[in-house]
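Undergrad: I have a structure here, written as structure tokens, and I will follow up with some questions on it.
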Amino acid sequence: MRTTTASSTPTIVIAGNPNTGKSTVFNQLTGGRAKIGNYPGITVERSSGRIILPGGRMATIEDSPGTYSLASRSNEELLALESIAGIDPMPRADLVIVTVDASQLSRNLYLVLQIVELRVPVIVALNMTDTLLESGQQIDVDCLQRELGVPVVPMMARRGRGLGDLVRVIDQVLQTPAMALPGWRWEPSPGPLMDDIHDVAAVVPDSWHQGCEDRRRSLALWALLSADAEHHLAGVPQALLQQATQRRQSAETAGRDLDREIIEGRYRWIDSCVSRCLQEDPRRVSMTDRVDRVLLHPGLGLALFVLMMTVVFQALFTGADPIIGLIEEGVARVGQAAGAALGPGLFGEFVVNGVIDGVGAFVVFLPQILMLFLFIGLMEDSGYMARVAVLMDRVMKSMGLHGRAFVPMLSGFACAVPAIMATRTMERRRDRLLTMMALPLMTCSARLPVYGLLIAAMVPPSQEGGFAQGLLMAFMYLFGTAMALIVAWVMSKTMLRGSYIPLVIEMPPYRLPHWPSVSRMVMRRVSDFMKTAGTIILIGSIIIWALLTFPRDTALQAPFEQRQQQIERQLESASSPELRSPLEDQLDALQRERASAMTRQSYAGRLGHAIEPLIEPLGFDWKIGVGIISAFAAREVFVSTMGVVFGVGEDVDEESEDLRSKIWADKWPDGRRVFTPLVCLSLMVFFALACQCMSTLAVVRRETGGWGWPAFMFGYMTILAWAASFLVFQTGRLFGFA
Amino acid sequence: MTSLDQLQEGATATLISVDGQPTLRRRLMEMGLLPGTPLQLIRRLDLGGVLELEVRRSRLSLRHAEAMHLHVAAT
């Protein structure tokens, strides 16, 4: 047992079952000032913060993943043991606070017992005591404290009650750890199980037990429950797992049920403890029951679910539009002001079109991220999210996806960026990865302008789009969704197979959302996005700007300069507005022509020419190639790039008649039209499947912690897009639609 | 004795035994589903293919396939 000296900063770990208010207690103790990082080598979020104790002493508080048991079947579950027991590389805790849902005492005590066995000082934060009365229960806190042998602090963390007591007890325990170190509560009686424990305890490494006998035995017990031939636990000594597996096998041969002996032993102790300290009235119908009768009703519940999801979707899809519009307008104004201040020249262009537009490119995501996480926060915090996972389990499971993947997938219709961030609601890395990889195939709103332009380009400019055009748009949605689900299914059967995880979900009682927690979570996501993905998006925007701007061919610009000066001189001498206006139009046209010529000879233009042989089998010429390259900044940029390339100017949208007629008239050198309906379709299929979005890649990098997965995503989507477009174009040609 | 997925909505029962794949079995037992434990089937969420039950004051949902491994005696 390590003693804490006054000079060192003690470490406190907060543990607990899911939905017991663990993060609320954590946030209140740290005053909401938490540092967010990752666990070493794994992208599971880890929060830590500081607390000032009554004597003025500081302590570090670490959060740990919510869990029902320390027994681990995966590396993610192993984190709970490592942080609570303080196994290398995690710091050894001086104190563990276990948050307990008072209304579900016995199941929560199962975790408490395991932590007590590790011989680390424990305080039980008996939370949610307000729900006790409602559920007809009464807990004798003194009795519980006596039975467990550790301090028990009744709390209502959401209302801030009990917090002062908790801080006081923390201070006491840090000074006198012995008051929270009762030793093993449940002790197997001498016999075969005790022999198993001793046998496995012999191979528990020194760095794990740190010379403490209780700890050594408890880790042996842990290994006996966790060892499994199928599961690989990284960081656990092989000898320990082998010994435990061997003991399990020989127990099985002897007809014993080791799991039951251990788990039942603990629960028997818990049941007798609870019977002394808890009084129960006959069950009453709780608020949760009444709500669930409606929300989980076969008909009505489903209708309400559809309604709620529609609201979420609409809010993301259209509700965010006005705010996005305001942001875009604001960015444009800042750009204009900066442009005016800096004057013409390369530096001004860099600031306006590179930096300011680049910042705009990621700020524009904020409204949707904010809204989505607000909804997710409300659904998680109220307890509804667990129900969504259950309601959607069958559908999502048939595609290999987790029930909780539903909300991220749905959000993908609005934008993949917040949707990928939302995959965090899933615990398993495999589930998150699978959802992330399939998600960008959902038809996001940035594809709409591209589809709009191309669908309109299928009929002559004089003609209005009809029913068939609407149908085609609907088909593109269906196509994207189907491809996303197929890809998810294929990956779940191959590279992301993952072991079958039984669905044993707790349906937490409904609670009113706790605003401070929800808003804190939302703000954390937003700032996280700005800091990590934002930087990548900004750099990417600057690179794409440079590709479209350089090299600045002065020989090419000279004739434009001359003609511009000519017109300007004429303008000066022109007196009447009737004379000026045609000249001004000429000047505008000249500038558009110049931009077009500049883009054509830029690196992006050359790149477009260079990839032409690659995309020609899809029916695309080099101009489309430039569009595809520039669309990497964001898909809708394709439209404005086409505007520039065709000399219509960059301020066009997909409904521009001018652009439509230019596109309609565009021809290959041999006189064939470029944008035939077949090419438009092929290009739409390409945009449906290709990963034309650096922001998506930037968030995937952020969420997976490396460039490997984003590289894979870009690769598979590009190949898929190319192959599908090839198929569409070549099959179409065979049938004579050239 | 019957398996949990055969129970009617609202029926109460006592758990007799848990079988099935060791990981699932361990997890169920750790969540308090031990032989002798009383439980109640709250509702069937057939659309999700899931059963909701109450055990030790908490509400758990299980897939039909998993509920088959819980053998109960109706009370």
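Residues in the structure tokens are numbered from 1 in each chain, the chains being A, B, ... in the order shown, and ligands are numbered from 1 in the order shown.
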Could you list the residues in chain B lying within 6 Å of chain A, using only C-alpha atoms, and format the result as an MDAnalysis selection string?
TA: chainID B and resid 48:49 57 59:62
Undergrad: Output C-alpha atoms for every residue in the selection just made, as a PDB file, in the first residue's frame.
TA:
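Dumped everything to selection-v9.pdb:
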ATOM      1  CA  GLY B  48     -36.670  -4.719 -32.661  1.00  0.00           C
ATOM      2  CA  GLY B  49     -36.681  -8.468 -32.017  1.00  0.00           C
ATOM      3  CA  ARG B  57     -34.995  -3.508 -10.044  1.00  0.00           C
ATOM      4  CA  ARG B  59     -34.685  -3.073 -16.843  1.00  0.00           C
ATOM      5  CA  LEU B  60     -32.724  -5.105 -19.341  1.00  0.00           C
ATOM      6  CA  SER B  61     -33.381  -5.803 -22.966  1.00  0.00           C
ATOM      7  CA  LEU B  62     -32.278  -9.014 -24.633  1.00  0.00           C
TER       8      LEU B  62
END
Undergrad: Using only C-alpha atoms, determine which residues lie at most 6 Å from B:Ala13, disregarding the query and same-chain residues fewer than 5 positions distant; provide the list as a CSV table (one decimal) with N, CA and C atoms, in the first residue's frame.
TA:
chain,number,residue,atom,x,y,z
B,38,PRO,N,-35.8,-13.9,-9.1
B,38,PRO,CA,-37.1,-13.6,-9.7
B,38,PRO,C,-37.0,-12.6,-10.8
B,39,LEU,N,-37.8,-12.7,-11.8
B,39,LEU,CA,-37.8,-11.7,-12.9
B,39,LEU,C,-39.2,-11.5,-13.5
B,73,ALA,N,-39.0,-20.8,-14.5
B,73,ALA,CA,-40.2,-21.5,-14.1
B,73,ALA,C,-41.2,-20.4,-13.8
B,74,ALA,N,-42.4,-20.4,-14.4
B,74,ALA,CA,-43.4,-19.4,-14.2
B,74,ALA,C,-43.8,-19.4,-12.7
B,75,THR,N,-44.1,-18.2,-12.2
B,75,THR,CA,-44.6,-18.1,-10.8
B,75,THR,C,-45.9,-17.5,-10.8
Undergrad: When you look at A:Leu485 with a cut-off of 8 Å (counting only C-alpha atoms), what residues show up, excluding the ones that are within fewer than 4 positions of it in the same chain? I need them as number ranges by chain.
TA: A: 399, 438, 481, 489
Undergrad: Show me, as a list in words, the residues that have an atom within 7 Å of B:Leu4 when counting only C-alpha atoms, minus same-chain residues fewer than 6 positions from it.
TA: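 Counting only C-alpha atoms, the residues come to Ala67, Met68, Leu70, His71 and Val72 of chain B.
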Undergrad: Give me a file of those residues, with N, CA, C and O atoms, as a PDB file, in the first residue's frame.
TA:
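Dumped to part_16.pdb:
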ATOM      1  N   ALA B  67     -32.531 -14.669 -25.172  1.00  0.00           N
ATOM      2  CA  ALA B  67     -33.511 -15.019 -24.153  1.00  0.00           C
ATOM      3  C   ALA B  67     -33.776 -16.525 -24.132  1.00  0.00           C
ATOM      4  O   ALA B  67     -34.155 -17.088 -23.112  1.00  0.00           O
ATOM      5  N   MET B  68     -33.525 -17.177 -25.268  1.00  0.00           N
ATOM      6  CA  MET B  68     -33.728 -18.625 -25.334  1.00  0.00           C
ATOM      7  C   MET B  68     -32.838 -19.385 -24.366  1.00  0.00           C
ATOM      8  O   MET B  68     -33.131 -20.508 -23.997  1.00  0.00           O
ATOM      9  N   LEU B  70     -32.170 -18.498 -21.353  1.00  0.00           N
ATOM     10  CA  LEU B  70     -32.580 -18.326 -19.961  1.00  0.00           C
ATOM     11  C   LEU B  70     -33.777 -19.239 -19.700  1.00  0.00           C
ATOM     12  O   LEU B  70     -34.838 -19.043 -20.290  1.00  0.00           O
ATOM     13  N   HIS B  71     -33.579 -20.209 -18.828  1.00  0.00           N
ATOM     14  CA  HIS B  71     -34.674 -21.140 -18.531  1.00  0.00           C
ATOM     15  C   HIS B  71     -35.342 -20.722 -17.241  1.00  0.00           C
ATOM     16  O   HIS B  71     -34.670 -20.457 -16.251  1.00  0.00           O
ATOM     17  N   VAL B  72     -36.668 -20.657 -17.280  1.00  0.00           N
ATOM     18  CA  VAL B  72     -37.398 -20.104 -16.136  1.00  0.00           C
ATOM     19  C   VAL B  72     -38.562 -21.010 -15.749  1.00  0.00           C
ATOM     20  O   VAL B  72     -39.009 -21.837 -16.537  1.00  0.00           O
TER      21      VAL B  72
END
Undergrad: Show me, as a list in words, the residues that have an atom within 9 Å of B:Leu24 when counting only C-alpha atoms, minus same-chain residues fewer than 3 positions from it.
TA: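 Within the cut-off, the hits are Ile501, Pro502 and Val504 of chain A; Asp19, Gly20, Gln21, Arg27, Leu28, Met29 and Glu66 of chain B.
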Undergrad: Taking all heavy atoms for each residue, export the selection above as a PDB file, in the first residue's frame.
TA:
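New file out_37.pdb:
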ATOM      1  N   ILE A 501     -21.477  -9.832 -30.214  1.00  0.00           N
ATOM      2  CA  ILE A 501     -21.649  -9.302 -28.865  1.00  0.00           C
ATOM      3  C   ILE A 501     -23.129  -9.359 -28.542  1.00  0.00           C
ATOM      4  O   ILE A 501     -23.954  -8.810 -29.258  1.00  0.00           O
ATOM      5  CB  ILE A 501     -21.140  -7.838 -28.785  1.00  0.00           C
ATOM      6  CG1 ILE A 501     -19.623  -7.803 -28.897  1.00  0.00           C
ATOM      7  CG2 ILE A 501     -21.600  -7.182 -27.495  1.00  0.00           C
ATOM      8  CD1 ILE A 501     -18.863  -8.048 -27.625  1.00  0.00           C
ATOM      9  N   PRO A 502     -23.450 -10.087 -27.489  1.00  0.00           N
ATOM     10  CA  PRO A 502     -24.862 -10.180 -27.160  1.00  0.00           C
ATOM     11  C   PRO A 502     -25.417  -8.814 -26.810  1.00  0.00           C
ATOM     12  O   PRO A 502     -24.713  -7.969 -26.258  1.00  0.00           O
ATOM     13  CB  PRO A 502     -24.887 -11.109 -25.948  1.00  0.00           C
ATOM     14  CG  PRO A 502     -23.501 -11.139 -25.424  1.00  0.00           C
ATOM     15  CD  PRO A 502     -22.597 -10.817 -26.546  1.00  0.00           C
ATOM     16  N   VAL A 504     -27.231  -6.971 -24.458  1.00  0.00           N
ATOM     17  CA  VAL A 504     -27.824  -6.937 -23.131  1.00  0.00           C
ATOM     18  C   VAL A 504     -27.752  -5.467 -22.746  1.00  0.00           C
ATOM     19  O   VAL A 504     -26.740  -4.995 -22.260  1.00  0.00           O
ATOM     20  CB  VAL A 504     -27.051  -7.804 -22.121  1.00  0.00           C
ATOM     21  CG1 VAL A 504     -27.790  -7.860 -20.808  1.00  0.00           C
ATOM     22  CG2 VAL A 504     -26.853  -9.205 -22.664  1.00  0.00           C
TER      23      VAL A 504
ATOM     24  N   ASP B  19     -27.809 -20.970 -19.915  1.00  0.00           N
ATOM     25  CA  ASP B  19     -26.779 -21.675 -20.692  1.00  0.00           C
ATOM     26  C   ASP B  19     -26.362 -20.803 -21.871  1.00  0.00           C
ATOM     27  O   ASP B  19     -26.553 -19.592 -21.856  1.00  0.00           O
ATOM     28  CB  ASP B  19     -27.255 -23.072 -21.123  1.00  0.00           C
ATOM     29  CG  ASP B  19     -28.497 -23.026 -21.997  1.00  0.00           C
ATOM     30  OD1 ASP B  19     -28.729 -21.976 -22.643  1.00  0.00           O
ATOM     31  OD2 ASP B  19     -29.239 -24.018 -22.032  1.00  0.00           O
ATOM     32  N   GLY B  20     -25.786 -21.426 -22.879  1.00  0.00           N
ATOM     33  CA  GLY B  20     -25.339 -20.638 -24.026  1.00  0.00           C
ATOM     34  C   GLY B  20     -23.853 -20.351 -23.962  1.00  0.00           C
ATOM     35  O   GLY B  20     -23.137 -20.830 -23.076  1.00  0.00           O
ATOM     36  N   GLN B  21     -23.433 -19.564 -24.889  1.00  0.00           N
ATOM     37  CA  GLN B  21     -22.012 -19.226 -25.060  1.00  0.00           C
ATOM     38  C   GLN B  21     -21.462 -18.598 -23.772  1.00  0.00           C
ATOM     39  O   GLN B  21     -22.138 -17.803 -23.132  1.00  0.00           O
ATOM     40  CB  GLN B  21     -21.971 -18.242 -26.242  1.00  0.00           C
ATOM     41  CG  GLN B  21     -20.641 -17.762 -26.649  1.00  0.00           C
ATOM     42  CD  GLN B  21     -20.739 -16.286 -27.023  1.00  0.00           C
ATOM     43  OE1 GLN B  21     -21.735 -15.613 -26.724  1.00  0.00           O
ATOM     44  NE2 GLN B  21     -19.687 -15.795 -27.643  1.00  0.00           N
ATOM     45  N   ARG B  27     -21.848 -12.650 -18.746  1.00  0.00           N
ATOM     46  CA  ARG B  27     -22.361 -11.279 -18.699  1.00  0.00           C
ATOM     47  C   ARG B  27     -23.752 -11.242 -18.058  1.00  0.00           C
ATOM     48  O   ARG B  27     -24.031 -10.401 -17.217  1.00  0.00           O
ATOM     49  CB  ARG B  27     -22.413 -10.702 -20.105  1.00  0.00           C
ATOM     50  CG  ARG B  27     -23.110  -9.371 -20.152  1.00  0.00           C
ATOM     51  CD  ARG B  27     -22.834  -8.638 -21.417  1.00  0.00           C
ATOM     52  NE  ARG B  27     -21.504  -8.046 -21.391  1.00  0.00           N
ATOM     53  CZ  ARG B  27     -21.063  -7.163 -22.284  1.00  0.00           C
ATOM     54  NH1 ARG B  27     -21.824  -6.771 -23.250  1.00  0.00           N
ATOM     55  NH2 ARG B  27     -19.859  -6.676 -22.197  1.00  0.00           N
ATOM     56  N   LEU B  28     -24.596 -12.176 -18.450  1.00  0.00           N
ATOM     57  CA  LEU B  28     -25.956 -12.207 -17.888  1.00  0.00           C
ATOM     58  C   LEU B  28     -25.900 -12.424 -16.377  1.00  0.00           C
ATOM     59  O   LEU B  28     -26.592 -11.761 -15.617  1.00  0.00           O
ATOM     60  CB  LEU B  28     -26.779 -13.309 -18.557  1.00  0.00           C
ATOM     61  CG  LEU B  28     -27.160 -13.054 -20.017  1.00  0.00           C
ATOM     62  CD1 LEU B  28     -27.827 -14.285 -20.616  1.00  0.00           C
ATOM     63  CD2 LEU B  28     -28.080 -11.841 -20.132  1.00  0.00           C
ATOM     64  N   MET B  29     -25.047 -13.362 -15.964  1.00  0.00           N
ATOM     65  CA  MET B  29     -24.965 -13.639 -14.524  1.00  0.00           C
ATOM     66  C   MET B  29     -24.398 -12.428 -13.774  1.00  0.00           C
ATOM     67  O   MET B  29     -24.857 -12.095 -12.686  1.00  0.00           O
ATOM     68  CB  MET B  29     -24.117 -14.885 -14.267  1.00  0.00           C
ATOM     69  CG  MET B  29     -24.821 -16.162 -14.701  1.00  0.00           C
ATOM     70  SD  MET B  29     -24.166 -17.667 -13.947  1.00  0.00           S
ATOM     71  CE  MET B  29     -22.556 -17.770 -14.670  1.00  0.00           C
ATOM     72  N   GLU B  66     -31.026 -14.563 -27.454  1.00  0.00           N
ATOM     73  CA  GLU B  66     -30.334 -14.666 -26.173  1.00  0.00           C
ATOM     74  C   GLU B  66     -31.281 -15.111 -25.068  1.00  0.00           C
ATOM     75  O   GLU B  66     -30.891 -15.846 -24.156  1.00  0.00           O
ATOM     76  CB  GLU B  66     -29.697 -13.317 -25.827  1.00  0.00           C
ATOM     77  CG  GLU B  66     -28.476 -13.038 -26.695  1.00  0.00           C
ATOM     78  CD  GLU B  66     -28.359 -11.602 -27.134  1.00  0.00           C
ATOM     79  OE1 GLU B  66     -29.103 -10.747 -26.625  1.00  0.00           O
ATOM     80  OE2 GLU B  66     -27.506 -11.331 -28.008  1.00  0.00           O
TER      81      GLU B  66
END
Undergrad: For A:Ala546, which residue among A:Phe362, A:Phe313, A:Phe350, A:Trp269 is the nearest when counting only C-alpha atoms?
TA: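 Distance minimum relative to A:Ala546 lands on A:Phe350.
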Undergrad: Write out as a list of chain:residue names each polymer residue whose atoms come within 9 Å of A:Asp88, counting only C-alpha atoms; drop sequence neighbours fewer than 3 positions from it.
TA: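 Using only C-alpha atoms, the neighbours found are A:Glu82, A:Ser83, A:Pro91, A:Arg92, A:Ser207, A:Trp208, A:Gly235.
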